[in-house]
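Chemist: My structure is stored as final.pdb, with PDB, C-alpha atoms.
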ATOM      1  CA  MET A   1      76.881 -58.454 141.581
ATOM      2  CA  ILE A   2      73.356 -57.121 142.091
ATOM      3  CA  CYS A   3      70.496 -59.214 140.664
ATOM      4  CA  ILE A   4      67.256 -57.508 139.709
ATOM      5  CA  PHE A   5      64.158 -59.663 139.519
ATOM      6  CA  ASN A   6      61.775 -58.048 137.029
ATOM      7  CA  PRO A   7      59.311 -60.764 135.934
ATOM      8  CA  GLU A   8      57.223 -57.971 134.411
ATOM      9  CA  HIS A   9      59.850 -57.908 131.645
ATOM     10  CA  ASP A  10      57.672 -59.546 128.951
ATOM     11  CA  LEU A  11      54.842 -57.095 129.651
ATOM     12  CA  CYS A  12      57.276 -54.199 129.279
ATOM     13  CA  LEU A  13      58.484 -55.543 125.933
ATOM     14  CA  ALA A  14      54.930 -56.000 124.694
ATOM     15  CA  ASN A  15      53.944 -52.464 125.668
ATOM     16  CA  GLY A  16      57.075 -50.854 124.231
ATOM     17  CA  ASN A  17      56.707 -47.588 126.167
ATOM     18  CA  PRO A  18      59.736 -46.801 128.378
ATOM     19  CA  HIS A  19      57.329 -45.132 130.836
ATOM     20  CA  TYR A  20      54.995 -48.146 131.045
ATOM     21  CA  MET A  21      53.696 -49.028 134.521
ATOM     22  CA  PRO A  22      53.290 -52.818 134.930
ATOM     23  CA  PRO A  23      50.241 -54.168 136.777
ATOM     24  CA  ALA A  24      50.357 -54.298 140.560
ATOM     25  CA  SER A  25      50.174 -58.106 140.579
ATOM     26  CA  ALA A  26      53.430 -58.407 138.596
ATOM     27  CA  LEU A  27      55.200 -55.890 140.826
ATOM     28  CA  ARG A  28      53.940 -57.669 143.949
ATOM     29  CA  PHE A  29      55.312 -60.999 142.690
ATOM     30  CA  ALA A  30      58.646 -59.305 141.982
ATOM     31  CA  ARG A  31      58.834 -57.986 145.546
ATOM     32  CA  GLN A  32      57.843 -61.289 147.092
ATOM     33  CA  SER A  33      60.101 -63.495 144.970
ATOM     34  CA  ALA A  34      63.263 -61.498 144.193
ATOM     35  CA  VAL A  35      65.249 -63.998 146.267
ATOM     36  CA  LEU A  36      64.712 -66.556 143.465
ATOM     37  CA  MET A  37      67.599 -64.927 141.582
ATOM     38  CA  GLN A  38      69.892 -66.237 144.336
ATOM     39  CA  ILE A  39      69.376 -69.749 142.916
ATOM     40  CA  LEU A  40      70.978 -68.661 139.655
ATOM     41  CA  TYR A  41      73.600 -66.416 141.239
ATOM     42  CA  PRO A  42      74.517 -67.647 144.749
ATOM     43  CA  GLU A  43      77.410 -65.175 144.782
ATOM     44  CA  ALA A  44      75.120 -62.142 144.366
ATOM     45  CA  GLU A  45      75.441 -59.403 146.980
ATOM     46  CA  ALA A  46      71.723 -58.725 146.789
ATOM     47  CA  CYS A  47      68.621 -59.754 144.814
ATOM     48  CA  ILE A  48      66.034 -56.997 144.563
ATOM     49  CA  PRO A  49      62.937 -56.111 142.518
ATOM     50  CA  ALA A  50      63.206 -53.303 139.995
ATOM     51  CA  ALA A  51      61.205 -51.044 142.319
ATOM     52  CA  GLU A  52      64.139 -51.017 144.752
ATOM     53  CA  VAL A  53      66.916 -50.018 142.355
ATOM     54  CA  GLY A  54      67.063 -46.637 144.063
ATOM     55  CA  SER A  55      68.723 -48.367 147.013
ATOM     56  CA  LEU A  56      71.839 -49.243 144.988
ATOM     57  CA  ALA A  57      75.089 -47.663 146.104
ATOM     58  CA  ASP A  58      77.613 -46.244 143.625
ATOM     59  CA  GLY A  59      79.990 -49.180 143.985
ATOM     60  CA  GLN A  60      77.282 -51.696 143.075
ATOM     61  CA  TRP A  61      76.734 -50.442 139.545
ATOM     62  CA  ALA A  62      79.543 -52.393 137.908
ATOM     63  CA  ARG A  63      77.597 -55.632 137.473
ATOM     64  CA  ILE A  64      73.834 -55.470 137.396
ATOM     65  CA  VAL A  65      72.146 -58.696 136.270
ATOM     66  CA  PRO A  66      68.382 -58.426 135.631
ATOM     67  CA  TRP A  67      65.854 -61.123 134.816
ATOM     68  CA  GLY A  68      65.626 -59.373 131.446
ATOM     69  CA  TRP A  69      66.679 -56.047 129.913
ATOM     70  CA  ASN A  70      64.089 -53.594 128.638
ATOM     71  CA  SER A  71      63.670 -49.834 128.295
ATOM     72  CA  VAL A  72      61.492 -49.566 131.416
ATOM     73  CA  LEU A  73      64.214 -51.063 133.624
ATOM     74  CA  LYS A  74      66.887 -48.933 131.980
ATOM     75  CA  GLY A  75      64.842 -45.812 132.709
ATOM     76  CA  GLN A  76      64.442 -46.850 136.354
ATOM     77  CA  LEU A  77      68.175 -47.384 136.710
ATOM     78  CA  GLN A  78      69.031 -44.089 135.045
ATOM     79  CA  ALA A  79      66.560 -42.265 137.290
ATOM     80  CA  SER A  80      68.336 -43.841 140.254
ATOM     81  CA  GLY A  81      71.667 -42.423 139.135
ATOM     82  CA  VAL A  82      73.230 -45.414 137.405
ATOM     83  CA  PRO A  83      75.610 -44.062 134.714
ATOM     84  CA  ALA A  84      74.902 -44.990 131.096
ATOM     85  CA  VAL A  85      78.279 -46.742 130.850
ATOM     86  CA  TRP A  86      76.903 -49.600 132.985
ATOM     87  CA  LEU A  87      73.706 -49.983 130.955
ATOM     88  CA  PRO A  88      72.794 -51.330 127.508
ATOM     89  CA  SER A  89      72.493 -48.675 124.815
ATOM     90  CA  ASP A  90      69.101 -47.771 123.374
ATOM     91  CA  ASP A  91      70.227 -49.430 120.123
ATOM     92  CA  ASP A  92      70.998 -52.643 122.026
ATOM     93  CA  LEU A  93      67.577 -52.640 123.681
ATOM     94  CA  CYS A  94      65.815 -51.968 120.375
ATOM     95  CA  ARG A  95      67.710 -54.779 118.651
ATOM     96  CA  TRP A  96      67.034 -57.234 121.477
ATOM     97  CA  ARG A  97      63.342 -56.348 121.513
ATOM     98  CA  ASN A  98      63.122 -56.893 117.758
ATOM     99  CA  LEU A  99      64.824 -60.277 118.131
ATOM    100  CA  GLN A 100      62.126 -61.194 120.669
ATOM    101  CA  HIS A 101      59.369 -60.481 118.113
ATOM    102  CA  ARG A 102      57.795 -63.831 117.257
ATOM    103  CA  SER A 103      58.135 -63.248 113.529
ATOM    104  CA  THR A 104      61.929 -63.421 113.939
ATOM    105  CA  TRP A 105      62.048 -67.196 114.260
ATOM    106  CA  LEU A 106      59.327 -68.235 111.807
ATOM    107  CA  THR A 107      61.925 -70.123 109.755
ATOM    108  CA  LEU A 108      62.082 -72.517 112.721
ATOM    109  CA  GLN A 109      58.279 -72.882 112.675
ATOM    110  CA  PRO A 110      57.306 -74.072 109.191
ATOM    111  CA  ASP A 111      53.592 -74.328 110.080
ATOM    112  CA  SER A 112      53.350 -70.806 111.531
ATOM    113  CA  ARG A 113      52.920 -67.544 109.671
ATOM    114  CA  THR A 114      52.204 -63.859 110.169
ATOM    115  CA  VAL A 115      48.654 -62.616 109.603
ATOM    116  CA  THR A 116      47.327 -59.078 109.376
ATOM    117  CA  SER A 117      43.629 -59.608 108.597
ATOM    118  CA  ALA A 118      40.635 -61.697 109.560
ATOM    119  CA  SER A 119      40.411 -63.040 106.000
ATOM    120  CA  GLU A 120      43.913 -64.507 106.267
ATOM    121  CA  VAL A 121      42.965 -66.270 109.483
ATOM    122  CA  GLU A 122      39.732 -67.602 107.969
ATOM    123  CA  SER A 123      41.751 -68.958 105.057
ATOM    124  CA  LEU A 124      44.077 -70.784 107.443
ATOM    125  CA  LEU A 125      41.080 -72.205 109.302
ATOM    126  CA  GLY A 126      40.185 -73.925 106.051
ATOM    127  CA  VAL A 127      43.411 -75.910 106.427
ATOM    128  CA  HIS A 128      43.616 -76.213 110.221
ATOM    129  CA  SER A 129      40.288 -76.259 112.047
ATOM    130  CA  GLN A 130      41.977 -75.065 115.244
ATOM    131  CA  LEU A 131      44.506 -72.250 115.434
ATOM    132  CA  VAL A 132      46.440 -70.421 118.108
ATOM    133  CA  LEU A 133      46.800 -66.688 117.483
ATOM    134  CA  LYS A 134      49.655 -64.946 119.268
ATOM    135  CA  ALA A 135      50.672 -61.342 119.659
ATOM    136  CA  PRO A 136      54.314 -60.978 118.543
ATOM    137  CA  TRP A 137      55.241 -59.644 121.987
ATOM    138  CA  SER A 138      53.348 -61.027 124.952
ATOM    139  CA  GLY A 139      53.910 -62.757 128.241
ATOM    140  CA  SER A 140      52.377 -64.640 131.157
ATOM    141  CA  GLY A 141      49.663 -66.147 128.968
ATOM    142  CA  ARG A 142      48.523 -62.755 127.695
ATOM    143  CA  GLY A 143      48.326 -62.088 123.977
ATOM    144  CA  ILE A 144      47.182 -65.604 123.067
ATOM    145  CA  ARG A 145      43.822 -66.641 121.601
ATOM    146  CA  TRP A 146      42.555 -70.080 120.675
ATOM    147  CA  VAL A 147      40.311 -70.146 117.612
ATOM    148  CA  THR A 148      38.152 -73.061 116.467
ATOM    149  CA  ASP A 149      36.313 -73.187 113.129
ATOM    150  CA  GLY A 150      35.792 -69.429 112.788
ATOM    151  CA  LEU A 151      36.471 -65.987 114.208
ATOM    152  CA  ASN A 152      33.944 -64.266 116.452
ATOM    153  CA  LYS A 153      33.642 -60.499 116.925
ATOM    154  CA  LEU A 154      35.947 -60.523 119.959
ATOM    155  CA  ASP A 155      38.582 -62.448 118.001
ATOM    156  CA  VAL A 156      38.430 -59.936 115.138
ATOM    157  CA  SER A 157      38.644 -57.004 117.555
ATOM    158  CA  TRP A 158      41.643 -58.586 119.298
ATOM    159  CA  LEU A 159      43.370 -59.266 115.973
ATOM    160  CA  GLU A 160      42.848 -55.718 114.708
ATOM    161  CA  LYS A 161      44.248 -54.260 117.946
ATOM    162  CA  VAL A 162      47.341 -56.507 117.876
ATOM    163  CA  VAL A 163      48.039 -55.720 114.213
ATOM    164  CA  ARG A 164      47.603 -52.003 114.881
ATOM    165  CA  GLN A 165      49.975 -52.055 117.878
ATOM    166  CA  GLN A 166      52.538 -54.699 116.866
ATOM    167  CA  GLY A 167      52.369 -54.930 113.081
ATOM    168  CA  CYS A 168      50.968 -58.447 112.754
ATOM    169  CA  ALA A 169      49.844 -61.512 114.665
ATOM    170  CA  ILE A 170      51.227 -65.046 114.476
ATOM    171  CA  ALA A 171      48.939 -67.935 113.535
ATOM    172  CA  GLU A 172      49.895 -71.548 114.135
ATOM    173  CA  PRO A 173      48.020 -74.846 114.294
ATOM    174  CA  ARG A 174      46.752 -75.852 117.714
ATOM    175  CA  ARG A 175      48.564 -79.018 118.730
ATOM    176  CA  GLN A 176      47.841 -81.919 121.035
ATOM    177  CA  VAL A 177      50.605 -81.390 123.585
ATOM    178  CA  ALA A 178      52.081 -84.261 125.567
ATOM    179  CA  GLU A 179      55.015 -82.413 127.158
ATOM    180  CA  GLU A 180      56.504 -78.912 127.235
ATOM    181  CA  PHE A 181      60.249 -78.505 127.520
ATOM    182  CA  ALA A 182      62.999 -76.008 126.920
ATOM    183  CA  LEU A 183      66.655 -75.774 126.032
ATOM    184  CA  GLU A 184      68.473 -73.241 128.203
ATOM    185  CA  TYR A 185      71.460 -71.250 126.921
ATOM    186  CA  MET A 186      73.785 -68.374 127.636
ATOM    187  CA  VAL A 187      74.650 -66.275 124.609
ATOM    188  CA  PHE A 188      78.025 -64.543 124.651
ATOM    189  CA  THR A 189      79.454 -62.065 122.174
ATOM    190  CA  ASP A 190      81.378 -64.821 120.397
ATOM    191  CA  ARG A 191      79.696 -68.109 121.263
ATOM    192  CA  LEU A 192      76.632 -70.015 122.371
ATOM    193  CA  GLU A 193      76.751 -72.133 125.535
ATOM    194  CA  PHE A 194      74.158 -74.852 126.181
ATOM    195  CA  ARG A 195      73.225 -75.053 129.875
ATOM    196  CA  GLY A 196      70.702 -77.895 129.834
ATOM    197  CA  PHE A 197      67.076 -78.951 129.478
ATOM    198  CA  SER A 198      64.014 -78.117 131.526
ATOM    199  CA  LEU A 199      60.608 -79.821 131.558
ATOM    200  CA  PHE A 200      57.645 -77.681 132.511
ATOM    201  CA  THR A 201      53.868 -77.431 132.580
ATOM    202  CA  SER A 202      51.606 -74.519 131.709
ATOM    203  CA  PHE A 203      47.889 -73.793 131.605
ATOM    204  CA  ASN A 204      46.515 -71.532 128.850
ATOM    205  CA  GLY A 205      50.040 -70.245 128.312
ATOM    206  CA  VAL A 206      50.668 -69.499 132.002
ATOM    207  CA  TYR A 207      53.651 -71.233 133.598
ATOM    208  CA  GLN A 208      52.754 -73.699 136.372
ATOM    209  CA  GLY A 209      55.963 -75.465 137.369
ATOM    210  CA  ASN A 210      58.937 -77.635 136.412
ATOM    211  CA  LEU A 211      59.414 -81.356 136.905
ATOM    212  CA  LEU A 212      62.976 -81.733 138.170
ATOM    213  CA  LEU A 213      64.747 -84.336 136.040
ATOM    214  CA  PRO A 214      68.324 -84.697 134.735
ATOM    215  CA  ASP A 215      69.072 -83.460 131.230
ATOM    216  CA  GLU A 216      69.350 -86.862 129.612
ATOM    217  CA  ALA A 217      66.123 -88.047 131.226
ATOM    218  CA  ILE A 218      64.307 -85.067 129.688
ATOM    219  CA  ARG A 219      65.981 -85.539 126.308
ATOM    220  CA  SER A 220      64.906 -89.189 126.277
ATOM    221  CA  ARG A 221      61.394 -88.428 127.504
ATOM    222  CA  VAL A 222      60.683 -85.960 124.671
ATOM    223  CA  HIS A 223      62.792 -87.806 122.051
ATOM    224  CA  PHE A 224      64.783 -84.685 121.221
ATOM    225  CA  THR A 225      67.551 -85.715 118.845
ATOM    226  CA  SER A 226      71.055 -84.349 118.460
ATOM    227  CA  SER A 227      70.203 -83.354 114.885
ATOM    228  CA  GLU A 228      67.239 -81.288 116.121
ATOM    229  CA  GLN A 229      69.509 -79.542 118.595
ATOM    230  CA  GLN A 230      72.174 -78.963 115.967
ATOM    231  CA  GLU A 231      69.636 -77.415 113.582
ATOM    232  CA  LEU A 232      68.470 -75.059 116.334
ATOM    233  CA  GLU A 233      71.990 -74.077 117.320
ATOM    234  CA  VAL A 234      73.038 -73.316 113.751
ATOM    235  CA  TRP A 235      70.155 -70.830 113.607
ATOM    236  CA  LEU A 236      70.998 -69.367 117.020
ATOM    237  CA  GLN A 237      74.644 -68.945 116.068
ATOM    238  CA  SER A 238      73.659 -67.115 112.907
ATOM    239  CA  HIS A 239      70.934 -64.869 114.330
ATOM    240  CA  LEU A 240      71.844 -64.234 117.974
ATOM    241  CA  VAL A 241      75.593 -64.579 118.521
ATOM    242  CA  GLY A 242      77.082 -61.140 117.925
ATOM    243  CA  HIS A 243      73.638 -59.522 118.102
ATOM    244  CA  TYR A 244      72.574 -60.353 121.662
ATOM    245  CA  HIS A 245      74.307 -61.422 124.826
ATOM    246  CA  GLY A 246      72.621 -62.854 127.875
ATOM    247  CA  PRO A 247      70.336 -65.729 128.901
ATOM    248  CA  LEU A 248      68.138 -67.517 126.394
ATOM    249  CA  GLY A 249      65.388 -70.097 126.795
ATOM    250  CA  VAL A 250      63.976 -71.943 123.782
ATOM    251  CA  ASP A 251      60.573 -73.514 124.452
ATOM    252  CA  TYR A 252      59.278 -76.579 122.627
ATOM    253  CA  LEU A 253      56.065 -78.580 122.467
ATOM    254  CA  HIS A 254      56.329 -82.382 122.337
ATOM    255  CA  THR A 255      53.071 -83.493 120.754
ATOM    256  CA  THR A 256      51.093 -86.696 121.120
ATOM    257  CA  ASP A 257      52.165 -87.782 117.624
ATOM    258  CA  GLY A 258      55.795 -87.831 118.786
ATOM    259  CA  HIS A 259      57.050 -84.643 117.131
ATOM    260  CA  ASN A 260      58.741 -81.582 118.606
ATOM    261  CA  HIS A 261      57.701 -78.063 117.619
ATOM    262  CA  LEU A 262      59.503 -74.895 118.599
ATOM    263  CA  SER A 263      57.142 -72.680 120.554
ATOM    264  CA  GLU A 264      59.099 -69.520 121.399
ATOM    265  CA  LEU A 265      62.425 -67.905 122.256
ATOM    266  CA  ASN A 266      62.868 -65.950 125.479
ATOM    267  CA  LEU A 267      65.815 -63.557 125.519
ATOM    268  CA  ARG A 268      65.898 -63.414 129.315
ATOM    269  CA  HIS A 269      66.247 -65.709 132.307
ATOM    270  CA  THR A 270      63.549 -68.370 132.645
ATOM    271  CA  MET A 271      61.910 -70.460 135.320
ATOM    272  CA  GLY A 272      63.468 -73.453 133.574
ATOM    273  CA  MET A 273      66.921 -72.032 134.304
ATOM    274  CA  LEU A 274      65.922 -71.666 137.951
ATOM    275  CA  ALA A 275      64.708 -75.268 138.024
ATOM    276  CA  HIS A 276      67.864 -76.556 136.352
ATOM    277  CA  ALA A 277      70.094 -74.706 138.814
ATOM    278  CA  TYR A 278      67.965 -75.778 141.780
ATOM    279  CA  LEU A 279      68.256 -79.460 140.836
ATOM    280  CA  ALA A 280      72.047 -79.124 140.527
ATOM    281  CA  GLN A 281      72.162 -77.646 144.037
ATOM    282  CA  HIS A 282      69.609 -80.083 145.490
ATOM    283  CA  PRO A 283      69.971 -83.436 143.702
ATOM    284  CA  GLU A 284      67.711 -85.054 146.294
ATOM    285  CA  SER A 285      64.815 -83.051 144.776
ATOM    286  CA  GLN A 286      64.908 -85.108 141.558
ATOM    287  CA  GLY A 287      61.432 -86.160 140.496
ATOM    288  CA  THR A 288      59.651 -83.423 142.427
ATOM    289  CA  LEU A 289      57.697 -80.455 141.114
ATOM    290  CA  PHE A 290      59.415 -77.065 141.308
ATOM    291  CA  GLN A 291      56.802 -74.300 141.598
ATOM    292  CA  PRO A 292      58.512 -71.004 142.388
ATOM    293  CA  THR A 293      55.449 -68.950 141.415
ATOM    294  CA  LYS A 294      53.205 -70.664 143.987
ATOM    295  CA  LYS A 295      52.768 -69.011 147.360
TER     296      LYS A 295
END
Please lay out the structure from this file as structure tokens.
Modeler:
Amino acid sequence: MICIFNPEHDLCLANGNPHYMPPASALRFARQSAVLMQILYPEAEACIPAAEVGSLADGQWARIVPWGWNSVLKGQLQASGVPAVWLPSDDDLCRWRNLQHRSTWLTLQPDSRTVTSASEVESLLGVHSQLVLKAPWSGSGRGIRWVTDGLNKLDVSWLEKVVRQQGCAIAEPRRQVAEEFALEYMVFTDRLEFRGFSLFTSFNGVYQGNLLLPDEAIRSRVHFTSSEQQELEVWLQSHLVGHYHGPLGVDYLHTTDGHNHLSELNLRHTMGMLAHAYLAQHPESQGTLFQPTKK
């Protein structure tokens, strides 16, 4: 098995161009931190950034496991000589990218909706004085704007650009967040497998770290009920099983009023999966902060 660490994955999805060149900072982090994949796959022969796929030998093609699949990575692998038989089809990649579009899971977010104009946003601000506007594809805190009371010229310009490039934006009420957590899964062609919980912190949408706690401690801390999990998994079974296979992280916000709100789905590996695996391998680390992005 060869693991490819491509944390620029979300940026590639958002751009949509198979020839997209991610920013140097993302590629630098990939080079510096590719070894993180070893936490998830201790049996891996090697863990490399996408920039080093040209070093793969013929016999290593059979099982390539990336952080996330996208058309940019596929193009890099093909250019390095990896036969198409070992890679997802273009139809697969298109379907998976569409599933990652934030509008896909709006049925799980009853207070969120798509918007395509400033007037729609202004109307929503009459109901919720504070909104979060999100680009349907975005990552690493990019593609998110916080709006209070009204839209300014920069907000309108941002909204028009997102709608032009991605078809719409997503508007949701801004919430008072007490905790952020995720449910981690593997999706197979015929089933969904729950791997555990993760508890994390972020700042302006940018991941900061995970607090290492056992699953049941996290479940209790955020009061996540079995019925909430069952409702989520019914949706996942219906919309993802048979349509996608690979890792999945489902992020939630636990708000100060005691409710849980689904935040997003990530059809890729996540830092929460790394944290969960790390705790299993190092139980003595319980209660500490896992910060793999800090150098």
Chemist: Selected by the PyMOL selection byres ((chain A and resi 202) around 12) in the shown coordinates: which residues, as a list in words?
Modeler: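 With the PyMOL selection byres ((chain A and resi 202) around 12) on this model, the match is Ser140, Gly141, Val177, Ala178, Glu179, Glu180, Phe181, Leu199, Phe200, Thr201, Phe203, Asn204, Gly205, Val206, Tyr207, Gln208, Gly209, Asn210, Leu211, Asp251, Leu253, Met271, Gln291 and Thr293 of chain A.
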Chemist: Would you output that residue set with C-alpha atoms, as a PDB file, keeping the file's coordinate frame?
Modeler:
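Ended up saving to selection.pdb:
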ATOM      1  CA  SER A 140      52.377 -64.640 131.157  1.00  0.00           C
ATOM      2  CA  GLY A 141      49.663 -66.147 128.968  1.00  0.00           C
ATOM      3  CA  VAL A 177      50.605 -81.390 123.585  1.00  0.00           C
ATOM      4  CA  ALA A 178      52.081 -84.261 125.567  1.00  0.00           C
ATOM      5  CA  GLU A 179      55.015 -82.413 127.158  1.00  0.00           C
ATOM      6  CA  GLU A 180      56.504 -78.912 127.235  1.00  0.00           C
ATOM      7  CA  PHE A 181      60.249 -78.505 127.520  1.00  0.00           C
ATOM      8  CA  LEU A 199      60.608 -79.821 131.558  1.00  0.00           C
ATOM      9  CA  PHE A 200      57.645 -77.681 132.511  1.00  0.00           C
ATOM     10  CA  THR A 201      53.868 -77.431 132.580  1.00  0.00           C
ATOM     11  CA  PHE A 203      47.889 -73.793 131.605  1.00  0.00           C
ATOM     12  CA  ASN A 204      46.515 -71.532 128.850  1.00  0.00           C
ATOM     13  CA  GLY A 205      50.040 -70.245 128.312  1.00  0.00           C
ATOM     14  CA  VAL A 206      50.668 -69.499 132.002  1.00  0.00           C
ATOM     15  CA  TYR A 207      53.651 -71.233 133.598  1.00  0.00           C
ATOM     16  CA  GLN A 208      52.754 -73.699 136.372  1.00  0.00           C
ATOM     17  CA  GLY A 209      55.963 -75.465 137.369  1.00  0.00           C
ATOM     18  CA  ASN A 210      58.937 -77.635 136.412  1.00  0.00           C
ATOM     19  CA  LEU A 211      59.414 -81.356 136.905  1.00  0.00           C
ATOM     20  CA  ASP A 251      60.573 -73.514 124.452  1.00  0.00           C
ATOM     21  CA  LEU A 253      56.065 -78.580 122.467  1.00  0.00           C
ATOM     22  CA  MET A 271      61.910 -70.460 135.320  1.00  0.00           C
ATOM     23  CA  GLN A 291      56.802 -74.300 141.598  1.00  0.00           C
ATOM     24  CA  THR A 293      55.449 -68.950 141.415  1.00  0.00           C
TER      25      THR A 293
END
Chemist: Provide the atom CA of Gly242 of chain A to atom CA of Thr189 of chain A distance in Å, to one decimal place.
Modeler: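 Separation of atom CA of Gly242 of chain A and atom CA of Thr189 of chain A: 5.0 Å.
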Chemist: Convert the output of the PyMOL selection byres ((chain A and resi 96) around 9) on the shown file into explicit residues, formatted as number ranges by chain.
Modeler: A: 69-70, 91-95, 97-101, 243-244, 267
Chemist: Using only C-alpha atoms, pick whichever of A:Pro66, A:Gly75, A:Pro23, A:Pro214 has the shortest atom-to-atom distance to Phe197 of chain A.
Modeler: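 Between A:Pro66, A:Gly75, A:Pro23, A:Pro214, the residue approaching Phe197 of chain A most closely is A:Pro214.
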Chemist: One decimal, in Å: what's the spacing between atom CA of Gln176 of chain A and atom CA of Thr270 of chain A?
Modeler: 23.8 Å
Chemist: What lies within 8 Å of segment 42-52 of chain A using all atoms listed in the file, ignoring chain neighbours under 4 positions off, as a PyMOL selection string?
Modeler: chain A and resi 1-6+27+30-31+34-38+56+73+76
Chemist: Determine the residue membership of the PyMOL selection byres ((chain A and resi 236-241) around 12) for the file above and supply it as a compact mmCIF listing (two decimals) with C-alpha atoms, in the coordinates of the input.
Modeler:
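File produced: out28.txt:
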# COMPACT_ATOMS: atom_id res chain seq x y z
CA ARG A 95 67.71 -54.78 118.65
CA TRP A 96 67.03 -57.23 121.48
CA ASN A 98 63.12 -56.89 117.76
CA LEU A 99 64.82 -60.28 118.13
CA GLN A 100 62.13 -61.19 120.67
CA THR A 104 61.93 -63.42 113.94
CA TRP A 105 62.05 -67.20 114.26
CA THR A 107 61.92 -70.12 109.76
CA LEU A 108 62.08 -72.52 112.72
CA LEU A 183 66.66 -75.77 126.03
CA TYR A 185 71.46 -71.25 126.92
CA MET A 186 73.78 -68.37 127.64
CA VAL A 187 74.65 -66.28 124.61
CA PHE A 188 78.03 -64.54 124.65
CA THR A 189 79.45 -62.06 122.17
CA ASP A 190 81.38 -64.82 120.40
CA ARG A 191 79.70 -68.11 121.26
CA LEU A 192 76.63 -70.02 122.37
CA GLU A 193 76.75 -72.13 125.54
CA PHE A 194 74.16 -74.85 126.18
CA GLN A 229 69.51 -79.54 118.60
CA GLN A 230 72.17 -78.96 115.97
CA GLU A 231 69.64 -77.42 113.58
CA LEU A 232 68.47 -75.06 116.33
CA GLU A 233 71.99 -74.08 117.32
CA VAL A 234 73.04 -73.32 113.75
CA TRP A 235 70.16 -70.83 113.61
CA GLY A 242 77.08 -61.14 117.92
CA HIS A 243 73.64 -59.52 118.10
CA TYR A 244 72.57 -60.35 121.66
CA HIS A 245 74.31 -61.42 124.83
CA GLY A 246 72.62 -62.85 127.88
CA PRO A 247 70.34 -65.73 128.90
CA LEU A 248 68.14 -67.52 126.39
CA GLY A 249 65.39 -70.10 126.80
CA VAL A 250 63.98 -71.94 123.78
CA LEU A 265 62.42 -67.90 122.26
CA ASN A 266 62.87 -65.95 125.48
CA LEU A 267 65.82 -63.56 125.52
Chemist: For Leu133 of chain A, please output as an mmCIF file with C-alpha atoms, keeping the file's coordinate frame all residues within 10 Å (counting only C-alpha atoms; exclusion window: fewer than 2 positions along the same chain).
Modeler:
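So the final result, stored in result.cif, reads:
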data_model
loop_
_atom_site.group_PDB
_atom_site.id
_atom_site.type_symbol
_atom_site.label_atom_id
_atom_site.label_comp_id
_atom_site.auth_asym_id
_atom_site.auth_seq_id
_atom_site.Cartn_x
_atom_site.Cartn_y
_atom_site.Cartn_z
ATOM 1 C CA SER A 112 53.350 -70.806 111.531
ATOM 2 C CA ARG A 113 52.920 -67.544 109.671
ATOM 3 C CA THR A 114 52.204 -63.859 110.169
ATOM 4 C CA VAL A 115 48.654 -62.616 109.603
ATOM 5 C CA VAL A 121 42.965 -66.270 109.483
ATOM 6 C CA GLN A 130 41.977 -75.065 115.244
ATOM 7 C CA LEU A 131 44.506 -72.250 115.434
ATOM 8 C CA ALA A 135 50.672 -61.342 119.659
ATOM 9 C CA PRO A 136 54.314 -60.978 118.543
ATOM 10 C CA GLY A 143 48.326 -62.088 123.977
ATOM 11 C CA ILE A 144 47.182 -65.604 123.067
ATOM 12 C CA ARG A 145 43.822 -66.641 121.601
ATOM 13 C CA TRP A 146 42.555 -70.080 120.675
ATOM 14 C CA VAL A 147 40.311 -70.146 117.612
ATOM 15 C CA ASP A 155 38.582 -62.448 118.001
ATOM 16 C CA TRP A 158 41.643 -58.586 119.298
ATOM 17 C CA LEU A 159 43.370 -59.266 115.973
ATOM 18 C CA ALA A 169 49.844 -61.512 114.665
ATOM 19 C CA ILE A 170 51.227 -65.046 114.476
ATOM 20 C CA ALA A 171 48.939 -67.935 113.535
ATOM 21 C CA GLU A 172 49.895 -71.548 114.135
ATOM 22 C CA PRO A 173 48.020 -74.846 114.294
ATOM 23 C CA ARG A 174 46.752 -75.852 117.714
#
Chemist: Report, in Å to a single decimal, how far apart atom CA of Ala24 of chain A and atom CA of Ala277 of chain A are.
Modeler: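 If I compute the distance from atom CA of Ala277 of chain A to atom CA of Ala24 of chain A, I get 28.4 Å.
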Chemist: List the neighbours of Asn17 of chain A out to 8 Å using only C-alpha atoms; skip same-chain residues closer than 5 positions along the sequence, and give me the result as an MDAnalysis selection string.
Modeler: chainID A and resid 12 71:72
Chemist: Could you pull the residues within 12 Å of Gly258 of chain A, counting only C-alpha atoms, minus those fewer than 2 positions along the same chain, as a PDB file with C-alpha atoms, keeping the file's coordinate frame?
Modeler:
ATOM      1  CA  ARG A 175      48.564 -79.018 118.730  1.00  0.00           C
ATOM      2  CA  GLN A 176      47.841 -81.919 121.035  1.00  0.00           C
ATOM      3  CA  VAL A 177      50.605 -81.390 123.585  1.00  0.00           C
ATOM      4  CA  ALA A 178      52.081 -84.261 125.567  1.00  0.00           C
ATOM      5  CA  GLU A 179      55.015 -82.413 127.158  1.00  0.00           C
ATOM      6  CA  SER A 220      64.906 -89.189 126.277  1.00  0.00           C
ATOM      7  CA  ARG A 221      61.394 -88.428 127.504  1.00  0.00           C
ATOM      8  CA  VAL A 222      60.683 -85.960 124.671  1.00  0.00           C
ATOM      9  CA  HIS A 223      62.792 -87.806 122.051  1.00  0.00           C
ATOM     10  CA  PHE A 224      64.783 -84.685 121.221  1.00  0.00           C
ATOM     11  CA  THR A 225      67.551 -85.715 118.845  1.00  0.00           C
ATOM     12  CA  LEU A 253      56.065 -78.580 122.467  1.00  0.00           C
ATOM     13  CA  HIS A 254      56.329 -82.382 122.337  1.00  0.00           C
ATOM     14  CA  THR A 255      53.071 -83.493 120.754  1.00  0.00           C
ATOM     15  CA  THR A 256      51.093 -86.696 121.120  1.00  0.00           C
ATOM     16  CA  ASN A 260      58.741 -81.582 118.606  1.00  0.00           C
ATOM     17  CA  HIS A 261      57.701 -78.063 117.619  1.00  0.00           C
TER      18      HIS A 261
END
